[in-house]
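Colleague: Could you have a look at this structure, given as structure tokens, before my questions?
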Amino acid sequence: MKKLALLVTVVLVVAIAVPAFTSAAQTQEKLRVAVVTPSTKSDLAFSQSIIDALLAIQEERGEENFEFVFSENMFVVEDAATALRDYASAGYDLVIAHGSQYGSSLSDIAPDFPDTAFAWGTTVDTFQDQGITNVYAYEARSEEGAFVMGVMAALLTESKVIGIVGPIETGDAKLYVDGFKAGVLWQDEEIEVLVNYIQSFSDLALAAAAAEAMLAEGADVLSGTAQMVPGAVNKVKEAGGLWFATQSNQSTLAPDNVVASQVYDWTYALNPIIEDVLAGEIMGEAYSLTLENGGLRIEFNEDFELDEDVKAAGEEVMQAIIDGDISFEVDEDGTLLVIEAEAG
Amino acid sequence: MIDDLITASVLASGIRLATPYLYAAIGETFGQRSGVLNLGVEGVMLMGAFTSLWAVYEITPAGATSYYGPALLAGVLVALLVGLVMGLATAVINVTLQAQQGISGIGIYLFGLGMSDLLFQKVFRGEVITVNGFPKVNIPVLSDLPVLGEIFFRQNLLVYLAFALVPVTWFVLNKTTLGLNIRAVGQNPEAADAMGISVTRVRYFTVTLGGMLASLAGASLSISLVNVFQQNMTAGQGFIAVALVYFGAWRARGVMFGALLFSLVNALQLQVRTKGIDVPDEYASMAPYLLTIIALIFASRRIDQPAALTKPFERGE
């Protein structure tokens, strides 16, 4: 009887344990990624761009090999830090902090989980100088596409006044605004460029009022970056002006007014990081999206009839940037410099 | 220089920006005059913003390139209905259940923040969509007036309605029996009760009305000012509206003055930056808040706060 009880016990233990171990083994093979974003995953801007990239990677690699979870609307940094730590504790292989405001939290958290890979953006700082080796960084050279669209904007404006709405004068937003302005003035230095940083990433009404102020000053072509720009796009739509978008394709917001969108494809930064994680070699490197590596794309709005000459001019400048004939640098004062290679 | 900054379009923009503050703060004024503080205005605004846009989106015929009147009417009615429900819920919590009003208000705010986002994700999968909102309506003759025409008489219906509420509120609060009852309940509920006024009924009325106007404030953003919805799009305006009630010393005219001061300075600081005038962005965007605080310090000298504000009432106490 004892033997029978022992046998039953062994069978039960094996029956319970084997699937558990199998499941654990399967989980080990599947790459698990977690991402924390500051705004909603469908913001037609910054947060959506990383979610779109992860969806594309999942489609390419298959759901059985790639799983990702996300926490959106983490506009409170302390909440984001808690989420990042929780994901790392839960054993996610790669934890992404999608916002430059999360940097200091990440430098606290990453050393506690040396076997976990972290990534954050937009920045080039991997904290190597602090002795941290498991943090990757990614950034978008948003000034490149901005410059191309600025050139096209200069060719499209009739009033010779162009407006740009920004959130806060820093990071990716500043690069975009400076690049767009540089593109406009590179094409035609007589054009007046109005720039307004409204000091908010979320105030749609203020973004709308900023656009109205620019339209009232005679601007007929506008652009803008960050999550609050739908407010501005609508005012451009009402006024019959033109809009250049960035971060995600915003053509659906105003099909008759959006000329083109600079789209971020973070897969160009995430794929090398994922390869490192799968190979078990966490290197902590920095990656940039550029027009040259395809991480930045200019998507033209198919519903908008863009003059072929303007499109050709844009594509010519884009090729010049890809070929390195036009490049950009930011000096110590934070001023964007346009560097043209000498002909021949 | 000044002519370049204070233009008719800047002043007109300031008037438009004041609209949501005005609706929300007038609604809050009614509640506070009867002794009930509602810090949940922001949450109700978010619910009104989402539901009104949803109604307009659903009812506007597909492919419409211009506004559709019935859809806009439905948007306003849905916002009022949602505000009524949330206002009633607030009244149940604050008046009947006698909750601590500061805490319960935060709960209502968080509910509105979460629920509006949940609905946004469920209905539109979180995608930002645009609608054809209230168009500008030029008032005949008056809109042709030089300068004043552009500032005051080329706005949309929800803007006109917000400003029309100011004299109506003054009249109701100061010249009607209802207003007398509201003020009595806010000053001395025990005495009002002894006079045969139902404190509970009056407070239910004011808090529910406050909810409806807060919801309309949200609608004035999503189907009138910007014509889109985004998660947390009110960006703190509901809390500023509560502060404007204190600023305005619980009077409709004072509330309007505060809303206009805040919004006009906001429009002006945008113009300063649009013009490229060398003022650091941080200082420019701080200006509306700073000026409002300074004005509040001076205004506080003449404040006569309702004596029973935030104090629950129970018969026989």
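Identifiers for the structure tokens are assigned positionally: chains receive A, B, ... in sequence, residues are indexed from 1 per chain, and ligands are indexed from 1 in the order shown.
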Applying 8 Å and only C-alpha atoms, which residues near range 229-240 of chain B remain after dropping the ones on its own chain fewer than 5 positions away? List them as a compact mmCIF listing (two decimals) with N, CA and C atoms, in the first residue's frame.

Modeller:
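File written: around_19.txt
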```txt
# COMPACT_ATOMS: atom_id res chain seq x y z
N THR A 40 -0.12 58.09 -24.56
CA THR A 40 -0.90 56.95 -25.03
C THR A 40 -0.23 56.30 -26.24
N ASP A 43 -0.76 57.89 -29.91
CA ASP A 43 -0.74 59.36 -29.89
C ASP A 43 -0.38 59.98 -31.24
N SER A 202 1.22 68.42 -23.55
CA SER A 202 -0.15 67.89 -23.52
C SER A 202 -1.23 68.93 -23.76
N ASP A 203 -0.90 70.22 -23.75
CA ASP A 203 -1.95 71.24 -23.81
C ASP A 203 -2.37 71.51 -25.26
N LEU A 204 -3.41 70.79 -25.67
CA LEU A 204 -3.89 70.91 -27.06
C LEU A 204 -4.41 72.30 -27.37
N PRO B 20 -13.48 77.41 -21.76
CA PRO B 20 -13.63 76.26 -20.85
C PRO B 20 -13.51 76.65 -19.37
N TYR B 21 -12.61 77.59 -19.07
CA TYR B 21 -12.47 78.04 -17.68
C TYR B 21 -13.77 78.65 -17.18
N ALA B 24 -16.54 75.96 -16.51
CA ALA B 24 -16.21 75.15 -15.34
C ALA B 24 -16.27 75.98 -14.07
N LEU B 39 -13.63 69.29 -6.20
CA LEU B 39 -12.31 69.29 -6.84
C LEU B 39 -12.26 68.34 -8.04
N GLY B 40 -13.40 67.71 -8.32
CA GLY B 40 -13.42 66.73 -9.41
C GLY B 40 -13.74 67.33 -10.77
N VAL B 41 -13.75 68.67 -10.87
CA VAL B 41 -14.12 69.36 -12.11
C VAL B 41 -13.32 68.82 -13.31
N GLU B 42 -12.02 68.65 -13.10
CA GLU B 42 -11.15 68.20 -14.19
C GLU B 42 -11.63 66.85 -14.77
N GLY B 43 -12.00 65.94 -13.89
CA GLY B 43 -12.45 64.62 -14.33
C GLY B 43 -13.76 64.71 -15.11
N MET B 45 -14.77 67.33 -16.75
CA MET B 45 -14.43 67.96 -18.03
C MET B 45 -13.93 66.93 -19.03
N LEU B 46 -13.09 66.01 -18.56
CA LEU B 46 -12.55 64.99 -19.47
C LEU B 46 -13.66 64.09 -20.00
N ALA B 49 -15.56 66.08 -22.51
CA ALA B 49 -14.78 66.26 -23.74
C ALA B 49 -14.87 65.01 -24.60
N PHE B 50 -14.70 63.84 -23.95
CA PHE B 50 -14.72 62.63 -24.76
C PHE B 50 -16.11 62.32 -25.31
N LEU B 53 -17.40 64.57 -28.14
CA LEU B 53 -16.72 64.30 -29.41
C LEU B 53 -17.20 62.97 -30.01
N LEU B 113 -10.63 60.85 -15.28
CA LEU B 113 -9.37 60.69 -16.03
C LEU B 113 -9.28 59.26 -16.58
N SER B 116 -12.49 58.28 -19.07
CA SER B 116 -12.44 58.92 -20.39
C SER B 116 -11.35 58.25 -21.24
N ASP B 117 -10.25 57.88 -20.61
CA ASP B 117 -9.18 57.21 -21.36
C ASP B 117 -9.59 55.80 -21.75
N PHE B 120 -11.90 56.04 -24.58
CA PHE B 120 -11.12 56.46 -25.75
C PHE B 120 -10.41 55.25 -26.37
N VAL B 128 -6.14 59.26 -32.37
CA VAL B 128 -6.58 60.66 -32.38
C VAL B 128 -7.40 60.88 -33.65
N ILE B 129 -8.66 61.27 -33.47
CA ILE B 129 -9.49 61.57 -34.64
C ILE B 129 -9.98 63.01 -34.54
N THR B 130 -10.29 63.59 -35.67
CA THR B 130 -10.77 64.96 -35.66
C THR B 130 -12.25 64.98 -36.06
N ALA B 214 -19.35 71.80 -15.99
CA ALA B 214 -17.97 71.29 -16.13
C ALA B 214 -17.87 70.40 -17.36
N GLY B 218 -15.63 70.78 -20.92
CA GLY B 218 -14.85 69.79 -21.66
C GLY B 218 -15.25 69.76 -23.12
N LEU B 221 -13.85 72.33 -25.31
CA LEU B 221 -12.49 72.04 -25.79
C LEU B 221 -12.53 71.11 -26.99
N SER B 222 -13.24 69.98 -26.83
CA SER B 222 -13.12 68.91 -27.82
C SER B 222 -13.96 69.12 -29.07
```

Colleague: Find the residues in chain A near chain B: any atom within 10 Å counts, using only C-alpha atoms. Write them as JSON, numbers by chain.

Modeller: {"A": [39, 40, 41, 42, 43, 44, 48, 73, 163, 164, 165, 168, 169, 193, 194, 195, 196, 197, 198, 199, 200, 201, 202, 203, 204, 205, 206, 207, 208, 209, 210, 211, 212, 213, 214, 215, 216, 217, 227, 228, 230, 231, 232, 233, 234, 235, 238, 250, 252, 253, 254]}

Colleague: Using only C-alpha atoms, which of A:Ser49, A:Leu155, A:Lys30, A:Asp276 sits nearest Gln187 in chain A?

Modeller: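 Ranked by minimum distance to Gln187 in chain A, first place goes to A:Leu155.
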
Colleague: Compile the contact shell of range 296-309 of chain A as a list of chain:residue names: residues with an atom at most 6 Å away, counting only C-alpha atoms, same-chain residues fewer than 6 positions apart removed.

Modeller: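 In the requested format, the answer is A:Ser251, A:Pro255, A:Asp256, A:Val259, A:Ala260, A:Ser261, A:Gln262, A:Val263, A:Tyr264, A:Leu289, A:Thr290.
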
Colleague: Just how far from CA of Phe68 in chain A is CA of Leu54 in chain A, in Å to one decimal?

Modeller: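 One can read the CA of Leu54 in chain A to CA of Phe68 in chain A distance as 7.4 Å.
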
Colleague: Please provide as a ChimeraX atom specification all residues within 8 Å of Gln101 in chain B, with the sequence filter that same-chain residues fewer than 4 positions apart are discarded (counting only C-alpha atoms).

Modeller: /B:36-39,94,105,310

Colleague: Tell me which protein, DNA and RNA residues are within 7 Å of range 31-34 of chain B, counting only C-alpha atoms, leaving out same-chain ones fewer than 2 positions away, and put them as a list in words.

Modeller: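 Result of the neighbour search: Gly27, Glu28, Thr29, Val36, Leu37, Ile182, Arg183, Val185, Gly186, Arg203, Thr206, Val207, Gly210, Trp250, Pro306 and Leu309 of chain B.
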
Colleague: Please, what distance in Å, to one decimal, runs between CA of Leu290 in chain B and CA of Leu11 in chain B?

Modeller: 19.4 Å

Colleague: Between CA of Glu316 in chain A and CA of Phe328 in chain A, what is the spacing in Å?

Modeller: 16.6 Å

Colleague: Go through range 28-269 of chain A and collect every residue that DSSP, computed from the backbone, puts in alpha helix (DSSP H); the answer should be as JSON, numbers by chain.

Modeller: {"A": [28, 29, 46, 47, 48, 49, 50, 51, 52, 53, 54, 55, 56, 57, 58, 59, 60, 61, 77, 78, 79, 80, 81, 82, 83, 84, 85, 86, 87, 88, 89, 103, 104, 105, 106, 107, 108, 109, 142, 143, 144, 145, 146, 147, 148, 149, 150, 151, 152, 153, 154, 155, 156, 171, 172, 173, 174, 175, 176, 177, 178, 179, 180, 181, 182, 183, 184, 185, 186, 187, 204, 205, 206, 207, 208, 209, 210, 211, 212, 213, 214, 215, 216, 230, 231, 232, 233, 234, 235, 236, 237, 238, 239, 267, 268, 269]}
